[in-house]
$ cat coords27.txt   # compact mmCIF, C-alpha atoms
# COMPACT_ATOMS: atom_id res chain seq x y z
CA MET A 570 144.95 13.77 120.29
CA MET A 571 148.16 13.37 122.30
CA LEU A 572 149.63 9.88 122.65
CA GLU A 573 148.66 9.70 126.34
CA GLU A 574 145.04 10.49 125.47
CA LYS A 575 145.00 7.88 122.71
CA GLN A 576 146.36 5.24 125.08
CA ALA A 577 143.48 5.90 127.47
CA PHE A 578 141.12 4.59 124.76
CA SER A 579 143.26 1.72 123.46
CA GLY A 580 141.07 -1.17 124.69
CA ARG A 581 140.20 -4.11 122.44
CA ASN A 582 136.60 -4.62 123.54
CA ILE A 583 134.31 -3.86 120.58
CA TRP A 584 131.73 -2.45 123.01
CA ASP A 585 134.02 0.29 124.29
CA PRO A 586 132.19 3.45 123.11
CA ILE A 587 135.48 5.28 122.47
CA ARG A 588 138.30 3.22 121.04
CA PHE A 589 141.66 4.10 119.51
CA GLY A 590 143.76 1.50 117.77
CA THR A 591 146.78 1.12 115.57
CA GLY A 592 147.83 -1.61 113.19
CA VAL A 593 151.15 -0.06 112.18
CA ASP A 594 154.01 -2.52 112.72
CA VAL A 595 151.71 -5.22 114.07
CA LYS A 596 152.08 -8.47 112.13
CA VAL A 597 148.91 -10.45 111.56
CA GLU A 598 149.25 -13.68 109.55
CA LYS A 599 150.92 -12.79 106.22
CA PHE A 600 150.16 -9.08 106.35
CA PHE A 601 150.84 -6.04 108.46
CA PHE A 602 147.75 -3.98 109.27
CA TRP A 603 148.85 -0.44 108.52
CA ARG A 604 146.29 1.91 110.06
CA ASP A 605 145.49 4.20 112.98
CA PHE A 606 141.80 4.56 113.83
CA LEU A 607 139.40 6.22 116.24
CA LYS A 608 135.96 4.59 116.66
CA LEU A 609 133.13 6.34 118.46
CA PHE A 610 129.57 5.26 119.27
CA VAL A 611 127.52 8.30 118.28
CA HIS A 612 123.91 7.06 118.35
CA PRO A 613 121.62 6.43 120.19
CA GLU A 614 124.06 7.80 122.80
CA PHE A 615 126.84 10.16 121.76
CA HIS A 616 130.41 9.44 122.86
CA CYS A 617 133.50 11.44 121.97
CA PRO A 618 136.76 12.44 123.68
CA SER A 619 136.61 15.83 125.39
CA LYS A 620 139.86 16.90 123.72
CA PRO A 621 140.51 18.45 121.32
CA GLU A 622 137.49 20.63 122.04
CA ALA A 623 136.59 21.24 118.39
CA LEU A 624 136.40 17.50 117.70
CA ARG A 625 133.28 16.85 119.76
CA GLU A 626 131.00 19.33 117.99
CA ALA A 627 132.39 18.48 114.55
CA VAL A 628 131.73 14.77 115.09
CA ARG A 629 128.27 15.45 116.52
CA GLU A 630 127.23 17.60 113.56
CA TYR A 631 128.69 15.19 111.00
CA SER A 632 126.97 12.22 112.61
CA ILE A 633 123.57 13.92 112.70
CA LYS A 634 123.78 14.92 109.05
CA THR A 635 124.96 11.53 107.79
CA ARG A 636 122.23 9.81 109.78
CA ALA A 637 119.65 12.05 108.10
CA ILE A 638 121.00 11.04 104.67
CA VAL A 639 120.88 7.35 105.58
CA LEU A 640 117.26 7.60 106.70
CA GLU A 641 116.33 9.12 103.34
CA LEU A 642 118.22 6.40 101.47
CA LEU A 643 116.48 3.71 103.52
CA LYS A 644 113.11 5.21 102.59
CA CYS A 645 114.04 4.91 98.91
CA LEU A 646 115.26 1.33 99.30
CA SER A 647 112.19 0.40 101.28
CA GLU A 648 109.92 1.79 98.61
CA ALA A 649 111.93 0.10 95.85
CA MET A 650 111.22 -3.25 97.51
CA GLY A 651 107.50 -2.49 97.55
CA LEU A 652 107.39 -2.20 101.33
CA GLY A 653 106.40 1.43 101.66
CA PRO A 654 108.77 4.30 102.54
CA SER A 655 108.69 3.93 106.33
CA TYR A 656 108.95 0.11 106.54
CA ILE A 657 112.71 -0.18 107.21
CA GLU A 658 112.74 2.79 109.57
CA LYS A 659 109.96 1.28 111.69
CA THR A 660 110.93 -2.41 111.65
CA MET A 661 114.62 -1.67 112.27
CA ASN A 662 113.77 0.79 115.08
CA MET A 663 115.89 3.51 113.54
CA ASP A 664 114.97 6.01 116.26
CA SER A 665 117.44 4.01 118.36
CA SER A 666 119.73 3.02 115.50
CA PHE A 667 123.30 2.00 116.30
CA GLN A 668 125.70 4.37 114.56
CA ILE A 669 129.50 4.39 114.66
CA PHE A 670 131.89 7.14 113.59
CA ALA A 671 135.21 5.62 112.48
CA SER A 672 138.11 7.80 111.33
CA ASN A 673 141.00 6.01 109.64
CA LEU A 674 144.56 7.14 108.94
CA TYR A 675 146.73 5.14 106.54
CA PRO A 676 150.29 6.55 106.56
CA PRO A 677 152.76 5.75 103.76
CA CYS A 678 153.92 2.16 104.08
CA PRO A 679 157.48 1.22 103.04
CA GLN A 680 156.33 -2.22 101.84
CA PRO A 681 152.69 -1.90 100.73
CA GLU A 682 152.79 -5.31 99.05
CA LEU A 683 153.12 -6.85 102.55
CA ALA A 684 150.48 -4.73 104.26
CA MET A 685 146.76 -3.97 104.29
CA GLY A 686 144.93 -1.02 105.76
CA ILE A 687 141.84 -3.13 106.50
CA PRO A 688 141.45 -6.75 105.37
CA ALA A 689 138.55 -7.95 103.21
CA HIS A 690 135.21 -7.75 105.03
CA THR A 691 131.56 -6.83 104.76
CA ASP A 692 129.98 -4.19 106.98
CA HIS A 693 127.70 -5.31 109.78
CA GLY A 694 124.88 -2.75 109.64
CA LEU A 695 122.36 -1.59 107.04
CA LEU A 696 124.30 1.10 105.17
CA THR A 697 127.76 2.61 105.61
CA MET A 698 128.60 6.16 104.56
CA LEU A 699 132.25 6.58 103.57
CA ILE A 700 134.19 9.68 102.59
CA GLU A 701 137.93 9.92 101.92
CA ASN A 702 140.61 12.51 101.14
CA GLY A 703 140.87 11.74 97.42
CA ILE A 704 143.65 9.16 97.75
CA ALA A 705 142.87 5.78 96.21
CA GLY A 706 142.80 2.74 98.46
CA LEU A 707 139.25 1.41 98.68
CA GLU A 708 138.84 -1.83 96.72
CA ILE A 709 135.67 -3.89 96.16
CA GLN A 710 135.29 -7.51 95.15
CA HIS A 711 133.39 -8.35 91.98
CA ASN A 712 133.26 -11.71 90.19
CA GLY A 713 136.24 -12.96 92.18
CA GLY A 714 138.49 -9.98 91.40
CA TRP A 715 139.42 -6.83 93.30
CA TYR A 716 138.81 -3.41 91.75
CA ASN A 717 139.82 0.09 92.80
CA VAL A 718 137.05 2.55 93.64
CA TYR A 719 137.53 6.15 92.53
CA PRO A 720 134.76 8.24 94.13
CA LEU A 721 133.73 11.57 92.67
CA PRO A 722 135.34 14.48 94.56
CA ASN A 723 133.44 15.55 97.68
CA SER A 724 131.06 12.62 97.43
CA PHE A 725 130.05 9.71 99.65
CA VAL A 726 130.53 6.05 98.91
CA VAL A 727 127.53 4.11 100.25
CA ASN A 728 128.09 0.45 101.07
CA ILE A 729 125.20 -1.98 101.43
CA ALA A 730 125.80 -3.99 104.59
CA ASP A 731 124.83 -7.32 106.14
CA GLN A 732 121.54 -6.44 107.85
CA LEU A 733 120.13 -4.97 104.65
CA GLU A 734 121.03 -8.15 102.78
CA VAL A 735 119.15 -10.18 105.41
CA LEU A 736 116.15 -7.85 105.54
CA SER A 737 115.85 -7.80 101.73
CA ASN A 738 116.25 -11.61 101.64
CA GLY A 739 119.26 -11.23 99.38
CA ARG A 740 117.82 -8.70 96.96
CA TYR A 741 120.54 -6.27 98.06
CA LYS A 742 123.99 -7.81 98.59
CA SER A 743 126.46 -6.79 101.25
CA ILE A 744 129.63 -5.76 99.47
CA TRP A 745 133.05 -7.27 100.19
CA HIS A 746 135.68 -4.55 100.35
CA ARG A 747 139.11 -3.77 101.77
CA ALA A 748 141.56 -0.89 102.17
CA ALA A 749 144.94 -1.02 100.43
CA VAL A 750 147.93 1.16 101.33
CA ASN A 751 150.66 2.90 99.34
CA ASN A 752 154.25 4.00 99.94
CA LYS A 753 153.92 7.64 98.88
CA ILE A 754 151.08 9.54 100.51
CA THR A 755 148.77 9.42 103.51
CA ARG A 756 145.20 8.29 102.96
CA MET A 757 142.38 9.26 105.32
CA SER A 758 138.77 8.18 105.47
CA ILE A 759 135.71 8.50 107.68
CA ALA A 760 133.26 5.60 107.74
CA CYS A 761 129.87 5.79 109.45
CA PRO A 762 128.16 2.40 109.72
CA HIS A 763 124.43 2.70 110.43
CA GLY A 764 122.59 -0.31 111.81
CA PRO A 765 119.27 -1.14 113.42
CA SER A 766 118.83 -0.70 117.16
CA LEU A 767 120.90 -3.29 118.98
CA ASP A 768 117.75 -4.98 120.33
CA THR A 769 116.19 -5.40 116.89
CA VAL A 770 115.73 -8.96 115.66
CA VAL A 771 116.59 -8.85 111.97
CA ALA A 772 114.89 -11.27 109.58
CA PRO A 773 113.85 -11.32 105.93
CA ALA A 774 110.80 -9.09 105.47
CA PRO A 775 107.75 -11.40 105.42
CA GLU A 776 106.29 -9.35 102.59
CA LEU A 777 109.16 -10.50 100.37
CA LEU A 778 108.55 -14.21 101.04
CA ASP A 779 106.12 -16.57 99.33
CA GLY A 780 106.34 -20.16 100.53
CA GLU A 781 108.50 -22.44 98.43
CA SER A 782 108.76 -20.04 95.51
CA ARG A 783 110.47 -17.35 97.62
CA PRO A 784 111.64 -18.94 100.90
CA ALA A 785 113.57 -17.15 103.61
CA LEU A 786 117.26 -17.36 102.77
CA TYR A 787 118.50 -16.14 106.15
CA ASN A 788 117.92 -17.01 109.78
CA THR A 789 116.77 -14.41 112.27
CA MET A 790 119.22 -12.91 114.76
CA LYS A 791 119.26 -10.02 117.17
CA TYR A 792 121.61 -7.32 115.91
CA LYS A 793 123.58 -7.22 119.18
CA ASP A 794 124.14 -10.98 118.99
CA TYR A 795 125.39 -10.50 115.44
CA MET A 796 127.83 -7.86 116.67
CA ASP A 797 128.99 -10.12 119.50
CA MET A 798 129.73 -12.85 116.98
CA LEU A 799 131.64 -10.34 114.89
CA GLY A 800 133.72 -9.39 117.92
CA GLU A 801 134.66 -13.05 118.36
CA GLY A 802 136.10 -13.07 114.86
CA LYS A 803 133.48 -15.45 113.48
CA PRO A 804 132.18 -15.26 109.88
CA CYS A 805 128.83 -13.63 110.54
CA LEU A 806 126.86 -13.44 107.32
CA GLU A 807 127.61 -17.04 106.42
CA ARG A 808 126.33 -18.11 109.83
CA VAL A 809 122.87 -16.63 109.24
CA ARG A 810 122.61 -17.54 105.54
CA ARG A 811 120.58 -20.70 105.06
CA PRO A 812 121.97 -23.43 102.81
CA VAL A 813 120.35 -23.56 99.41
CA ALA A 814 118.87 -26.95 98.60
$ encode --input "coords27.txt" --output "structure tokens"
Amino acid sequence: MMLEEKQAFSGRNIWDPIRFGTGVDVKVEKFFFWRDFLKLFVHPEFHCPSKPEALREAVREYSIKTRAIVLELLKCLSEAMGLGPSYIEKTMNMDSSFQIFASNLYPPCPQPELAMGIPAHTDHGLLTMLIENGIAGLEIQHNGGWYNVYPLPNSFVVNIADQLEVLSNGRYKSIWHRAAVNNKITRMSIACPHGPSLDTVVAPAPELLDGESRPALYNTMKYKDYMDMLGEGKPCLERVRRPVA
């Protein structure tokens, strides 16, 4: 995309269906955010710039195929929780699921120790499919430390996200992760977060609860309200997690 075309989509509203942004040379707190990105809403309605022409069909095909993989994974997770293979698909209204296509470009950074590609966060949906160009940069948090992730070539990384943690009542944990940068080579990634329909009210599955022995650990919230809270910069998952007595 030419610079003029990118600028046409440079809004900051998280509900803009086509959004280009850059963090290069923008200071935020103690770090520079060193990234260019293009975010597209691709389901239930498909949005994509008209130029370059090849982009639209490539994004459409990629989005359809990753969504099909996610639906199969959700069937497996649903069955593993003893809920039956179609439980998540039906209760989360996946026919109208909210899917984003996010392409990220992390150019070489002259001072990587002062910059981050993306700061530490959890993903907002159910599952996120991530693929990258073989350059290390994805880090996950485990037991208070940060660890590099080295995916197998030509494979997806699948992140469990917030709504699945809520639905499973904490059986599956949303993973904290971030993107680091380097000073030698460009890193690229494509992330596809898949969530429920925006109108779905997400709550722990009643079948996983049993009075005082297995109480609900999370409050209910409509997915769109959760996204609105995210757009305001508020800590979302902690807001719906109930305090443990």
$ atom_distance --input "coords27.txt" --atom1 "atom CA of A:Gly780" --atom2 "atom CA of A:Gly739"
15.7 Å
$ atom_distance --input "coords27.txt" --atom1 "atom CA of A:Asp731" --atom2 "atom CA of A:Ser632"
20.7 Å
$ closest_residue --input "coords27.txt" --among "A:Cys678, A:Ile709, A:Ile669, A:Val771" --to "A:Ser743" --atoms "all atoms listed in the file"
A:Ile709
$ atom_distance --input "coords27.txt" --atom1 "atom CA of A:Glu807" --atom2 "atom CA of A:Thr635"
28.7 Å
$ residues_around --input "coords27.txt" --residues "A:Pro679" --least-positions-apart "3" --cutoff "10 Å" --atoms "all atoms listed in the file" --output "list of chain:residue names"
A:Pro676, A:Glu682, A:Leu683, A:Ala684, A:Val750, A:Asn751, A:Asn752, A:Lys753
$ write_last_selection --input "coords27.txt" --atoms "C-alpha atoms" --output "CSV table (one decimal), in the coordinates of the input"
chain,number,residue,atom,x,y,z
A,676,PRO,CA,150.3,6.6,106.6
A,682,GLU,CA,152.8,-5.3,99.0
A,683,LEU,CA,153.1,-6.8,102.6
A,684,ALA,CA,150.5,-4.7,104.3
A,750,VAL,CA,147.9,1.2,101.3
A,751,ASN,CA,150.7,2.9,99.3
A,752,ASN,CA,154.2,4.0,99.9
A,753,LYS,CA,153.9,7.6,98.9
$ closest_residue --input "coords27.txt" --among "A:Ile729, A:Leu736, A:Leu674, A:Leu609" --to "A:Leu652" --atoms "all atoms listed in the file"
A:Leu736
$ decode --input "coords27.txt" --residues "stretch 647-659 of chain A" --atoms "all heavy atoms" --output "PDB file, in the first residue's frame"
ATOM      1  N   SER A 647     -14.008 -28.342  23.210  1.00  0.00           N
ATOM      2  CA  SER A 647     -15.340 -28.525  23.768  1.00  0.00           C
ATOM      3  C   SER A 647     -15.540 -29.951  24.247  1.00  0.00           C
ATOM      4  O   SER A 647     -16.045 -30.212  25.345  1.00  0.00           O
ATOM      5  CB  SER A 647     -16.388 -28.156  22.711  1.00  0.00           C
ATOM      6  OG  SER A 647     -17.688 -28.167  23.245  1.00  0.00           O
ATOM      7  N   GLU A 648     -15.103 -30.886  23.419  1.00  0.00           N
ATOM      8  CA  GLU A 648     -15.236 -32.297  23.786  1.00  0.00           C
ATOM      9  C   GLU A 648     -14.343 -32.636  24.969  1.00  0.00           C
ATOM     10  O   GLU A 648     -14.722 -33.416  25.849  1.00  0.00           O
ATOM     11  CB  GLU A 648     -14.897 -33.182  22.586  1.00  0.00           C
ATOM     12  CG  GLU A 648     -15.788 -34.367  22.463  1.00  0.00           C
ATOM     13  CD  GLU A 648     -15.670 -35.066  21.122  1.00  0.00           C
ATOM     14  OE1 GLU A 648     -14.892 -34.642  20.258  1.00  0.00           O
ATOM     15  OE2 GLU A 648     -16.385 -36.070  20.972  1.00  0.00           O
ATOM     16  N   ALA A 649     -13.144 -32.051  25.000  1.00  0.00           N
ATOM     17  CA  ALA A 649     -12.212 -32.324  26.095  1.00  0.00           C
ATOM     18  C   ALA A 649     -12.762 -31.859  27.432  1.00  0.00           C
ATOM     19  O   ALA A 649     -12.417 -32.412  28.483  1.00  0.00           O
ATOM     20  CB  ALA A 649     -10.865 -31.652  25.814  1.00  0.00           C
ATOM     21  N   MET A 650     -13.631 -30.858  27.418  1.00  0.00           N
ATOM     22  CA  MET A 650     -14.248 -30.375  28.655  1.00  0.00           C
ATOM     23  C   MET A 650     -15.510 -31.147  29.002  1.00  0.00           C
ATOM     24  O   MET A 650     -16.188 -30.831  29.984  1.00  0.00           O
ATOM     25  CB  MET A 650     -14.555 -28.874  28.547  1.00  0.00           C
ATOM     26  CG  MET A 650     -13.322 -27.999  28.539  1.00  0.00           C
ATOM     27  SD  MET A 650     -13.715 -26.218  28.661  1.00  0.00           S
ATOM     28  CE  MET A 650     -14.351 -25.902  27.020  1.00  0.00           C
ATOM     29  N   GLY A 651     -15.847 -32.144  28.176  1.00  0.00           N
ATOM     30  CA  GLY A 651     -17.036 -32.942  28.436  1.00  0.00           C
ATOM     31  C   GLY A 651     -18.327 -32.255  28.056  1.00  0.00           C
ATOM     32  O   GLY A 651     -19.399 -32.617  28.562  1.00  0.00           O
ATOM     33  N   LEU A 652     -18.252 -31.290  27.152  1.00  0.00           N
ATOM     34  CA  LEU A 652     -19.430 -30.510  26.787  1.00  0.00           C
ATOM     35  C   LEU A 652     -20.048 -30.936  25.468  1.00  0.00           C
ATOM     36  O   LEU A 652     -21.083 -30.395  25.078  1.00  0.00           O
ATOM     37  CB  LEU A 652     -19.049 -29.018  26.707  1.00  0.00           C
ATOM     38  CG  LEU A 652     -18.483 -28.410  27.993  1.00  0.00           C
ATOM     39  CD1 LEU A 652     -18.004 -26.985  27.732  1.00  0.00           C
ATOM     40  CD2 LEU A 652     -19.521 -28.424  29.094  1.00  0.00           C
ATOM     41  N   GLY A 653     -19.419 -31.864  24.775  1.00  0.00           N
ATOM     42  CA  GLY A 653     -19.903 -32.242  23.454  1.00  0.00           C
ATOM     43  C   GLY A 653     -19.244 -31.390  22.386  1.00  0.00           C
ATOM     44  O   GLY A 653     -18.904 -30.219  22.631  1.00  0.00           O
ATOM     45  N   PRO A 654     -19.024 -31.920  21.187  1.00  0.00           N
ATOM     46  CA  PRO A 654     -18.216 -31.228  20.177  1.00  0.00           C
ATOM     47  C   PRO A 654     -18.783 -29.904  19.677  1.00  0.00           C
ATOM     48  O   PRO A 654     -18.035 -29.027  19.266  1.00  0.00           O
ATOM     49  CB  PRO A 654     -18.132 -32.252  19.035  1.00  0.00           C
ATOM     50  CG  PRO A 654     -19.287 -33.178  19.253  1.00  0.00           C
ATOM     51  CD  PRO A 654     -19.487 -33.240  20.735  1.00  0.00           C
ATOM     52  N   SER A 655     -20.090 -29.727  19.700  1.00  0.00           N
ATOM     53  CA  SER A 655     -20.682 -28.521  19.124  1.00  0.00           C
ATOM     54  C   SER A 655     -21.030 -27.460  20.165  1.00  0.00           C
ATOM     55  O   SER A 655     -21.570 -26.406  19.814  1.00  0.00           O
ATOM     56  CB  SER A 655     -21.942 -28.885  18.331  1.00  0.00           C
ATOM     57  OG  SER A 655     -22.924 -29.461  19.186  1.00  0.00           O
ATOM     58  N   TYR A 656     -20.704 -27.704  21.441  1.00  0.00           N
ATOM     59  CA  TYR A 656     -21.139 -26.797  22.510  1.00  0.00           C
ATOM     60  C   TYR A 656     -20.595 -25.380  22.316  1.00  0.00           C
ATOM     61  O   TYR A 656     -21.355 -24.400  22.343  1.00  0.00           O
ATOM     62  CB  TYR A 656     -20.704 -27.342  23.872  1.00  0.00           C
ATOM     63  CG  TYR A 656     -21.171 -26.499  25.035  1.00  0.00           C
ATOM     64  CD1 TYR A 656     -22.375 -26.774  25.672  1.00  0.00           C
ATOM     65  CD2 TYR A 656     -20.417 -25.418  25.506  1.00  0.00           C
ATOM     66  CE1 TYR A 656     -22.821 -25.994  26.735  1.00  0.00           C
ATOM     67  CE2 TYR A 656     -20.852 -24.641  26.560  1.00  0.00           C
ATOM     68  CZ  TYR A 656     -22.048 -24.938  27.169  1.00  0.00           C
ATOM     69  OH  TYR A 656     -22.474 -24.150  28.215  1.00  0.00           O
ATOM     70  N   ILE A 657     -19.286 -25.233  22.145  1.00  0.00           N
ATOM     71  CA  ILE A 657     -18.695 -23.898  22.023  1.00  0.00           C
ATOM     72  C   ILE A 657     -19.213 -23.210  20.765  1.00  0.00           C
ATOM     73  O   ILE A 657     -19.574 -22.024  20.793  1.00  0.00           O
ATOM     74  CB  ILE A 657     -17.154 -23.977  22.014  1.00  0.00           C
ATOM     75  CG1 ILE A 657     -16.643 -24.497  23.356  1.00  0.00           C
ATOM     76  CG2 ILE A 657     -16.551 -22.608  21.707  1.00  0.00           C
ATOM     77  CD1 ILE A 657     -15.126 -24.640  23.421  1.00  0.00           C
ATOM     78  N   GLU A 658     -19.273 -23.944  19.673  1.00  0.00           N
ATOM     79  CA  GLU A 658     -19.723 -23.346  18.415  1.00  0.00           C
ATOM     80  C   GLU A 658     -21.136 -22.778  18.552  1.00  0.00           C
ATOM     81  O   GLU A 658     -21.432 -21.688  18.054  1.00  0.00           O
ATOM     82  CB  GLU A 658     -19.675 -24.385  17.302  1.00  0.00           C
ATOM     83  CG  GLU A 658     -20.026 -23.829  15.925  1.00  0.00           C
ATOM     84  CD  GLU A 658     -19.826 -24.849  14.812  1.00  0.00           C
ATOM     85  OE1 GLU A 658     -19.318 -25.956  15.104  1.00  0.00           O
ATOM     86  OE2 GLU A 658     -20.179 -24.530  13.675  1.00  0.00           O
ATOM     87  N   LYS A 659     -22.009 -23.497  19.248  1.00  0.00           N
ATOM     88  CA  LYS A 659     -23.392 -23.048  19.391  1.00  0.00           C
ATOM     89  C   LYS A 659     -23.526 -21.927  20.419  1.00  0.00           C
ATOM     90  O   LYS A 659     -24.155 -20.900  20.167  1.00  0.00           O
ATOM     91  CB  LYS A 659     -24.282 -24.232  19.780  1.00  0.00           C
ATOM     92  CG  LYS A 659     -24.491 -25.239  18.656  1.00  0.00           C
ATOM     93  CD  LYS A 659     -25.396 -26.379  19.107  1.00  0.00           C
ATOM     94  CE  LYS A 659     -25.642 -27.367  17.976  1.00  0.00           C
ATOM     95  NZ  LYS A 659     -26.494 -28.507  18.425  1.00  0.00           N
TER      96      LYS A 659
END
